[in-house]
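Student: Contents of upload-v2.txt (compact mmCIF, C-alpha atoms) are below:
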# COMPACT_ATOMS: atom_id res chain seq x y z
CA MET A 236 3.24 -30.14 -16.32
CA THR A 237 1.39 -32.77 -14.27
CA LYS A 238 -2.28 -32.16 -13.69
CA ILE A 239 -3.58 -33.51 -10.41
CA ASN A 240 -7.25 -33.47 -9.44
CA LYS A 241 -8.86 -33.95 -6.03
CA ARG A 242 -9.65 -37.59 -6.73
CA GLY A 243 -6.03 -38.49 -7.35
CA GLY A 244 -6.24 -38.54 -11.16
CA PHE A 245 -3.09 -37.67 -13.09
CA GLY A 246 -2.28 -36.30 -16.50
CA LEU A 247 -0.10 -38.48 -18.70
CA LEU A 248 2.49 -35.91 -19.76
CA GLY A 249 5.78 -37.45 -18.58
CA VAL A 250 7.75 -34.31 -17.75
CA VAL A 251 8.88 -32.31 -14.76
CA ALA A 252 8.92 -28.55 -15.36
CA VAL A 253 11.63 -26.27 -13.94
CA ALA A 254 11.11 -22.49 -13.81
CA LEU A 255 14.10 -20.41 -12.73
CA GLY A 256 13.48 -17.58 -10.27
CA ALA A 257 14.62 -14.02 -10.99
CA ALA A 258 17.50 -12.66 -8.95
CA CYS A 259 17.15 -9.64 -6.70
CA GLY A 260 18.12 -6.49 -8.59
CA ASP A 261 17.70 -8.06 -12.03
CA SER A 262 17.19 -5.09 -14.33
CA GLU A 263 15.08 -7.19 -16.70
CA VAL A 264 12.51 -8.00 -14.05
CA GLY A 265 9.78 -5.79 -12.66
CA PRO A 266 8.45 -2.33 -13.48
CA PRO A 267 10.62 0.74 -14.18
CA ALA A 268 12.20 2.44 -11.21
CA PRO A 269 9.62 4.56 -9.40
CA VAL A 270 9.91 8.28 -8.79
CA ILE A 271 9.83 8.94 -5.06
CA PRO A 272 8.45 12.36 -4.03
CA VAL A 273 10.49 14.25 -1.47
CA ASP A 274 9.01 17.12 0.55
CA ALA A 275 11.55 19.92 0.13
CA SER A 276 9.59 22.49 2.10
CA VAL A 277 11.18 24.01 5.22
CA PRO A 278 9.55 26.12 7.92
CA ASP A 279 9.63 29.87 7.28
CA SER A 280 10.91 30.64 10.73
CA ALA A 281 12.35 29.06 13.82
CA PRO A 282 9.99 28.47 16.78
CA PRO A 283 9.58 31.47 19.10
CA VAL A 284 11.93 31.80 22.07
CA ASP A 285 10.53 32.50 25.51
CA ALA A 286 12.46 35.51 26.80
CA SER A 287 10.83 35.41 30.22
CA VAL A 288 13.43 33.06 31.67
CA GLY A 289 15.37 35.94 33.24
CA ASP A 290 18.73 37.62 32.91
CA SER A 291 20.59 34.49 34.04
CA ALA A 292 19.71 32.63 30.88
CA LEU A 293 22.31 32.29 28.20
CA PRO A 294 21.93 34.86 25.43
CA PHE A 295 20.05 33.67 22.38
CA ASP A 296 21.72 34.20 19.01
CA ALA A 297 18.87 34.92 16.62
CA SER A 298 21.23 34.85 13.67
CA VAL A 299 21.14 31.05 13.58
CA VAL A 300 17.56 31.18 12.29
CA ASP A 301 18.74 32.43 8.91
CA SER A 302 21.92 30.34 8.78
CA ALA A 303 20.34 27.04 7.64
CA PRO A 304 21.76 25.83 4.28
CA PRO A 305 19.53 26.35 1.25
CA VAL A 306 17.44 23.46 -0.02
CA ASP A 307 18.15 22.27 -3.54
CA ALA A 308 14.67 22.10 -5.09
CA SER A 309 16.02 19.97 -7.94
CA LEU A 310 16.08 17.01 -5.53
CA LYS A 311 12.30 16.92 -5.24
CA ASP A 312 12.05 13.99 -7.70
CA VAL A 313 14.51 11.17 -7.02
CA SER A 314 14.83 8.09 -9.24
CA VAL A 315 15.97 4.78 -7.77
CA PRO A 316 18.08 2.68 -10.18
CA ASP A 317 16.97 -0.85 -11.06
CA SER A 318 20.05 -2.30 -9.37
CA ALA A 319 18.82 -1.00 -6.01
CA MET A 320 15.45 -2.71 -6.28
CA CYS A 321 14.56 -6.24 -5.16
CA VAL A 322 11.74 -7.83 -7.15
CA TYR A 323 10.48 -11.19 -5.89
CA GLY A 324 7.99 -13.79 -7.09
CA THR A 325 8.86 -13.86 -10.77
CA PHE A 326 10.22 -16.78 -12.80
CA ALA A 327 11.59 -17.46 -16.25
CA ALA A 328 9.65 -19.62 -18.69
CA LYS A 329 9.56 -23.33 -17.75
CA VAL A 330 11.96 -25.93 -19.11
CA ASP A 331 10.60 -29.49 -19.31
CA TYR A 332 12.62 -32.63 -18.53
CA SER A 333 11.38 -36.12 -19.35
CA THR A 334 10.24 -38.45 -16.58
CA GLY A 335 8.22 -41.63 -16.58
CA SER A 336 4.53 -41.53 -17.47
CA ALA A 337 2.11 -39.65 -15.21
CA PRO A 338 4.58 -38.10 -12.75
CA SER A 339 2.86 -37.78 -9.38
CA ASP A 340 5.36 -36.22 -6.95
CA VAL A 341 8.84 -34.73 -6.81
CA ALA A 342 11.52 -34.36 -4.14
CA VAL A 343 14.80 -32.43 -4.03
CA GLY A 344 18.19 -33.41 -2.62
CA ASP A 345 21.90 -33.63 -3.33
CA PHE A 346 22.09 -37.27 -4.37
CA ASN A 347 25.70 -37.33 -5.62
CA GLY A 348 27.43 -35.12 -3.06
CA ASP A 349 28.46 -32.31 -5.41
CA THR A 350 26.50 -29.63 -3.42
CA LYS A 351 24.14 -29.22 -6.40
CA LEU A 352 20.45 -30.04 -6.09
CA ASP A 353 19.00 -33.04 -7.92
CA LEU A 354 15.41 -34.20 -8.54
CA ALA A 355 13.51 -37.42 -7.87
CA SER A 356 10.09 -37.82 -9.50
CA THR A 357 7.68 -40.73 -9.08
CA SER A 358 5.89 -42.06 -12.16
CA PHE A 359 2.44 -43.42 -11.36
CA SER A 360 1.95 -45.42 -14.55
CA ASP A 361 5.47 -46.80 -14.98
CA LYS A 362 6.01 -47.93 -11.37
CA THR A 363 9.31 -46.06 -11.25
CA VAL A 364 11.07 -43.13 -9.64
CA SER A 365 13.15 -40.99 -12.00
CA VAL A 366 16.37 -39.34 -10.78
CA LEU A 367 17.67 -36.26 -12.63
CA LEU A 368 21.09 -34.98 -11.50
CA GLY A 369 21.48 -31.22 -11.42
CA ALA A 370 24.35 -29.28 -13.00
CA GLY A 371 24.02 -26.40 -10.53
CA ASN A 372 23.02 -23.88 -13.21
CA GLY A 373 19.33 -24.72 -13.41
CA THR A 374 19.73 -27.58 -15.88
CA PHE A 375 19.45 -31.33 -15.28
CA ALA A 376 20.82 -34.50 -16.86
CA ALA A 377 18.55 -37.08 -18.47
CA LYS A 378 16.56 -39.23 -16.07
CA VAL A 379 17.61 -42.58 -14.68
CA ASP A 380 14.67 -44.79 -13.65
CA TYR A 381 14.49 -47.09 -10.63
CA ALA A 382 11.71 -49.63 -10.01
CA THR A 383 9.20 -48.99 -7.21
CA GLY A 384 6.03 -50.73 -6.11
CA GLY A 385 2.70 -50.35 -7.89
CA SER A 386 1.17 -46.91 -8.48
CA PRO A 387 3.80 -44.81 -6.67
CA HIS A 388 2.64 -41.45 -5.39
CA GLY A 389 4.67 -39.65 -2.75
CA VAL A 390 8.49 -39.56 -2.55
CA ALA A 391 10.65 -38.37 0.34
CA VAL A 392 14.38 -37.98 0.95
CA GLY A 393 16.39 -38.95 4.03
CA ASP A 394 19.48 -40.77 5.30
CA PHE A 395 17.89 -44.01 6.46
CA ASN A 396 21.04 -46.03 7.16
CA GLY A 397 23.25 -43.37 8.74
CA ASP A 398 25.94 -43.33 6.04
CA LYS A 399 25.46 -39.58 5.34
CA LYS A 400 24.17 -40.40 1.84
CA LEU A 401 20.62 -39.54 0.82
CA ASP A 402 18.12 -42.35 0.28
CA LEU A 403 14.59 -42.39 -1.19
CA ALA A 404 11.27 -43.56 0.23
CA VAL A 405 8.34 -44.01 -2.16
CA ALA A 406 4.70 -44.57 -1.14
CA ASN A 407 3.09 -47.21 -3.39
CA GLN A 408 -0.68 -46.95 -3.31
CA GLY A 409 -1.16 -49.77 -5.78
CA ASN A 410 0.37 -52.59 -3.73
CA ASN A 411 0.09 -51.33 -0.14
CA SER A 412 3.78 -50.72 0.42
CA VAL A 413 6.55 -48.16 0.79
CA SER A 414 9.75 -48.73 -1.17
CA VAL A 415 13.11 -47.70 0.29
CA LEU A 416 16.00 -47.20 -2.15
CA LEU A 417 19.38 -46.68 -0.48
CA GLY A 418 21.64 -44.13 -2.13
CA ALA A 419 25.28 -44.83 -2.98
CA GLY A 420 26.24 -41.18 -2.68
CA ASN A 421 27.17 -40.91 -6.35
CA GLY A 422 23.67 -40.32 -7.72
CA THR A 423 22.74 -44.00 -8.03
CA PHE A 424 20.44 -46.09 -5.86
CA ALA A 425 20.19 -49.74 -4.85
CA ALA A 426 17.17 -51.89 -5.72
CA LYS A 427 14.08 -51.18 -3.65
CA VAL A 428 13.15 -52.92 -0.43
CA ASP A 429 9.40 -52.90 0.25
CA TYR A 430 7.71 -52.42 3.62
CA ALA A 431 4.02 -52.97 4.28
CA GLY A 432 1.61 -50.03 4.17
CA ASP A 433 -2.12 -49.49 3.72
CA ALA A 434 -2.64 -47.98 0.26
CA PRO A 435 -0.21 -45.15 1.12
CA TYR A 436 -0.57 -41.92 -0.84
CA GLY A 437 2.09 -39.69 0.70
CA VAL A 438 5.27 -40.19 2.73
CA ALA A 439 7.20 -37.93 5.12
CA VAL A 440 10.46 -38.33 7.03
CA GLY A 441 11.10 -37.36 10.65
CA ASP A 442 12.39 -38.54 14.01
CA PHE A 443 9.08 -39.44 15.64
CA THR A 444 10.49 -41.51 18.52
CA GLY A 445 13.29 -39.24 19.67
CA ASP A 446 16.06 -41.79 19.02
CA THR A 447 17.81 -39.54 16.40
CA LYS A 448 16.95 -42.07 13.68
CA PRO A 449 14.68 -41.12 10.77
CA ASP A 450 11.21 -42.69 10.68
CA LEU A 451 8.55 -42.74 7.96
CA LEU A 452 5.03 -41.36 8.15
CA LEU A 453 2.52 -42.56 5.54
CA THR A 454 -0.81 -41.03 4.58
CA ASN A 455 -3.48 -43.39 3.28
Can you present the structure in this file as structure tokens?

Tutor:
Amino acid sequence: MTKINKRGGFGLLGVVAVALGAACGDSEVGPPAPVIPVDASVPDSAPPVDASVGDSALPFDASVVDSAPPVDASLKDVSVPDSAMCVYGTFAAKVDYSTGSAPSDVAVGDFNGDTKLDLASTSFSDKTVSVLLGAGNGTFAAKVDYATGGSPHGVAVGDFNGDKKLDLAVANQGNNSVSVLLGAGNGTFAAKVDYAGDAPYGVAVGDFTGDTKPDLLLTN
């Protein structure tokens, strides 16, 4: 996986690692079902009745004190089956997929409209962004590379031209620009168009002017 230090240095292993999360109730995940103690004790007697209320009170049937059903002491230890447990925070072993050299950031989106998530990963050394289309089962197709500006870092996803197809924005620290690659909706992207920046490191998408159109925010 990519190693990133506080000074912006990057490892050169050109892969993106995917680790699949465990499903709730997966019997292969988590500790054995716990034994839950149950307090089977019952009071020896009913609370006392105040007989001083007078003759007008309804008669009290003391026989109900002894009529409670017996407690099955065998239920003191109850086991909960694995299928009833939800275990979170665990993942399968990673699976690596090739990217360009020194991957620096990754973004997720449905780039080909099949309702399955895809990946876009910037490659600092190769001046590219790699797109890996997802199969919907946790696996991804081989990368397709698209040219960016110099030393790309951050990548963000948004619909920048209002065609309901996801596009990419890449912050290029090496040549003071942000590259916009318009998506065709089938998993492919047009050639980049560069816009001026100031050694941008990261990029975010949002409507910052309230006109319902996506804008870009760059960190330097």

Student: Check the smallest atom-to-atom distance from each of A:Gly397, A:Gly384, A:Gly409, A:Gly369 to Val253 of chain A using all atoms listed in the file, then report the winner.

Tutor: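 Ranked by minimum distance to Val253 of chain A, first place goes to A:Gly369.
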
Student: Show me as a ChimeraX atom specification the residues that reach within 7 Å of (14.6, -48.6, -12.1), counting only C-alpha atoms and using the file's own coordinates.

Tutor: /A:363-364,380-382

Student: How would the residues just picked look written out with C-alpha atoms as an mmCIF file, in the coordinates of the input?

Tutor:
data_model
loop_
_atom_site.group_PDB
_atom_site.id
_atom_site.type_symbol
_atom_site.label_atom_id
_atom_site.label_comp_id
_atom_site.auth_asym_id
_atom_site.auth_seq_id
_atom_site.Cartn_x
_atom_site.Cartn_y
_atom_site.Cartn_z
ATOM 1 C CA THR A 363 9.310 -46.060 -11.250
ATOM 2 C CA VAL A 364 11.070 -43.130 -9.640
ATOM 3 C CA ASP A 380 14.670 -44.790 -13.650
ATOM 4 C CA TYR A 381 14.490 -47.090 -10.630
ATOM 5 C CA ALA A 382 11.710 -49.630 -10.010
#

Student: Point out the residue among A:His388, A:Phe443, A:Lys399, A:Asp394 with the least atom-to-atom distance to Ser414 of chain A, counting all atoms listed in the file.

Tutor: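 Between A:His388, A:Phe443, A:Lys399, A:Asp394, the residue approaching Ser414 of chain A most closely is A:His388.
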
Student: Counting all atoms listed in the file, figure out which residue out of A:Pro387, A:Ser358, A:Asp345, A:Leu453 gets nearest to Ala370 of chain A.

Tutor: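 Among the listed residues, the smallest separation from Ala370 of chain A belongs to A:Asp345.
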
Student: By how many Å are atom CA of Leu416 of chain A and atom CA of Thr357 of chain A apart?

Tutor: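 The value is 12.6 Å.
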
Student: So, counting all atoms listed in the file, which residue among A:Leu417, A:Phe359, A:Val341, A:Phe375 is closest to Val438 of chain A?

Tutor: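 Result for the nearest residue to Val438 of chain A: A:Val341.
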
Student: Could you pull out every residue with an atom within 10 Å of (15.1, -38.4, -4.3), file coordinates, counting all atoms listed in the file, and send them as a CSV table (one decimal) with C-alpha atoms, in the frame of the given file?

Tutor:
chain,number,residue,atom,x,y,z
A,341,VAL,CA,8.8,-34.7,-6.8
A,342,ALA,CA,11.5,-34.4,-4.1
A,343,VAL,CA,14.8,-32.4,-4.0
A,344,GLY,CA,18.2,-33.4,-2.6
A,345,ASP,CA,21.9,-33.6,-3.3
A,346,PHE,CA,22.1,-37.3,-4.4
A,353,ASP,CA,19.0,-33.0,-7.9
A,354,LEU,CA,15.4,-34.2,-8.5
A,355,ALA,CA,13.5,-37.4,-7.9
A,356,SER,CA,10.1,-37.8,-9.5
A,357,THR,CA,7.7,-40.7,-9.1
A,364,VAL,CA,11.1,-43.1,-9.6
A,365,SER,CA,13.2,-41.0,-12.0
A,366,VAL,CA,16.4,-39.3,-10.8
A,367,LEU,CA,17.7,-36.3,-12.6
A,368,LEU,CA,21.1,-35.0,-11.5
A,390,VAL,CA,8.5,-39.6,-2.6
A,391,ALA,CA,10.6,-38.4,0.3
A,392,VAL,CA,14.4,-38.0,1.0
A,393,GLY,CA,16.4,-39.0,4.0
A,401,LEU,CA,20.6,-39.5,0.8
A,402,ASP,CA,18.1,-42.4,0.3
A,403,LEU,CA,14.6,-42.4,-1.2
A,404,ALA,CA,11.3,-43.6,0.2
A,405,VAL,CA,8.3,-44.0,-2.2
A,416,LEU,CA,16.0,-47.2,-2.2
A,418,GLY,CA,21.6,-44.1,-2.1
A,422,GLY,CA,23.7,-40.3,-7.7
A,424,PHE,CA,20.4,-46.1,-5.9

Student: Identify which of the residues A:Val428, A:Ala376, A:Ala419, A:Val440 lies closest to Gly389 of chain A, counting all atoms listed in the file when measuring atom-to-atom distances.

Tutor: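 Of all the options, A:Val440 lies closest to Gly389 of chain A.
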
Student: When distances are computed from only C-alpha atoms, which of A:Phe326, A:Tyr332, A:Val379, A:Gln408 shows the smallest separation from Ala252 of chain A?

Tutor: A:Tyr332

Student: Could you check how far atom CA of Gly335 of chain A sits from atom CA of Asn421 of chain A, in Å to one decimal?

Tutor: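 These atoms are spaced 21.5 Å apart.
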
Student: Interatomic distance between atom CA of Thr383 of chain A and atom CA of Ser412 of chain A?

Tutor: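 Separation of atom CA of Thr383 of chain A and atom CA of Ser412 of chain A: 9.5 Å.
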
Student: Generate N, CA, C and O atoms for segment 375-386 of chain A and emit them as a PDB file, in the frame of the given file.

Tutor:
ATOM      1  N   PHE A 375      19.392 -29.984 -15.847  1.00  0.00           N
ATOM      2  CA  PHE A 375      19.450 -31.330 -15.280  1.00  0.00           C
ATOM      3  C   PHE A 375      19.793 -32.351 -16.358  1.00  0.00           C
ATOM      4  O   PHE A 375      19.425 -32.187 -17.525  1.00  0.00           O
ATOM      5  N   ALA A 376      20.488 -33.409 -15.942  1.00  0.00           N
ATOM      6  CA  ALA A 376      20.820 -34.500 -16.860  1.00  0.00           C
ATOM      7  C   ALA A 376      19.576 -35.334 -17.146  1.00  0.00           C
ATOM      8  O   ALA A 376      18.547 -35.212 -16.468  1.00  0.00           O
ATOM      9  N   ALA A 377      19.671 -36.189 -18.140  1.00  0.00           N
ATOM     10  CA  ALA A 377      18.550 -37.080 -18.470  1.00  0.00           C
ATOM     11  C   ALA A 377      18.257 -38.004 -17.293  1.00  0.00           C
ATOM     12  O   ALA A 377      19.137 -38.346 -16.501  1.00  0.00           O
ATOM     13  N   LYS A 378      17.017 -38.417 -17.189  1.00  0.00           N
ATOM     14  CA  LYS A 378      16.560 -39.230 -16.070  1.00  0.00           C
ATOM     15  C   LYS A 378      17.185 -40.621 -16.067  1.00  0.00           C
ATOM     16  O   LYS A 378      17.551 -41.157 -17.114  1.00  0.00           O
ATOM     17  N   VAL A 379      17.296 -41.162 -14.866  1.00  0.00           N
ATOM     18  CA  VAL A 379      17.610 -42.580 -14.680  1.00  0.00           C
ATOM     19  C   VAL A 379      16.482 -43.156 -13.841  1.00  0.00           C
ATOM     20  O   VAL A 379      16.159 -42.620 -12.768  1.00  0.00           O
ATOM     21  N   ASP A 380      15.851 -44.227 -14.312  1.00  0.00           N
ATOM     22  CA  ASP A 380      14.670 -44.790 -13.650  1.00  0.00           C
ATOM     23  C   ASP A 380      15.045 -45.942 -12.732  1.00  0.00           C
ATOM     24  O   ASP A 380      15.902 -46.776 -13.066  1.00  0.00           O
ATOM     25  N   TYR A 381      14.339 -45.995 -11.589  1.00  0.00           N
ATOM     26  CA  TYR A 381      14.490 -47.090 -10.630  1.00  0.00           C
ATOM     27  C   TYR A 381      13.114 -47.656 -10.320  1.00  0.00           C
ATOM     28  O   TYR A 381      12.146 -46.895 -10.159  1.00  0.00           O
ATOM     29  N   ALA A 382      13.005 -48.972 -10.244  1.00  0.00           N
ATOM     30  CA  ALA A 382      11.710 -49.630 -10.010  1.00  0.00           C
ATOM     31  C   ALA A 382      11.213 -49.343  -8.603  1.00  0.00           C
ATOM     32  O   ALA A 382      11.976 -49.312  -7.625  1.00  0.00           O
ATOM     33  N   THR A 383       9.888 -49.155  -8.499  1.00  0.00           N
ATOM     34  CA  THR A 383       9.200 -48.990  -7.210  1.00  0.00           C
ATOM     35  C   THR A 383       8.093 -50.036  -7.136  1.00  0.00           C
ATOM     36  O   THR A 383       7.999 -50.921  -7.985  1.00  0.00           O
ATOM     37  N   GLY A 384       7.232 -49.903  -6.143  1.00  0.00           N
ATOM     38  CA  GLY A 384       6.030 -50.730  -6.110  1.00  0.00           C
ATOM     39  C   GLY A 384       4.977 -50.189  -7.054  1.00  0.00           C
ATOM     40  O   GLY A 384       5.229 -49.262  -7.838  1.00  0.00           O
ATOM     41  N   GLY A 385       3.773 -50.747  -6.985  1.00  0.00           N
ATOM     42  CA  GLY A 385       2.700 -50.350  -7.890  1.00  0.00           C
ATOM     43  C   GLY A 385       2.097 -49.008  -7.560  1.00  0.00           C
ATOM     44  O   GLY A 385       1.907 -48.649  -6.398  1.00  0.00           O
ATOM     45  N   SER A 386       1.830 -48.218  -8.603  1.00  0.00           N
ATOM     46  CA  SER A 386       1.170 -46.910  -8.480  1.00  0.00           C
ATOM     47  C   SER A 386       1.845 -46.008  -7.452  1.00  0.00           C
ATOM     48  O   SER A 386       1.229 -45.578  -6.470  1.00  0.00           O
TER      49      SER A 386
END
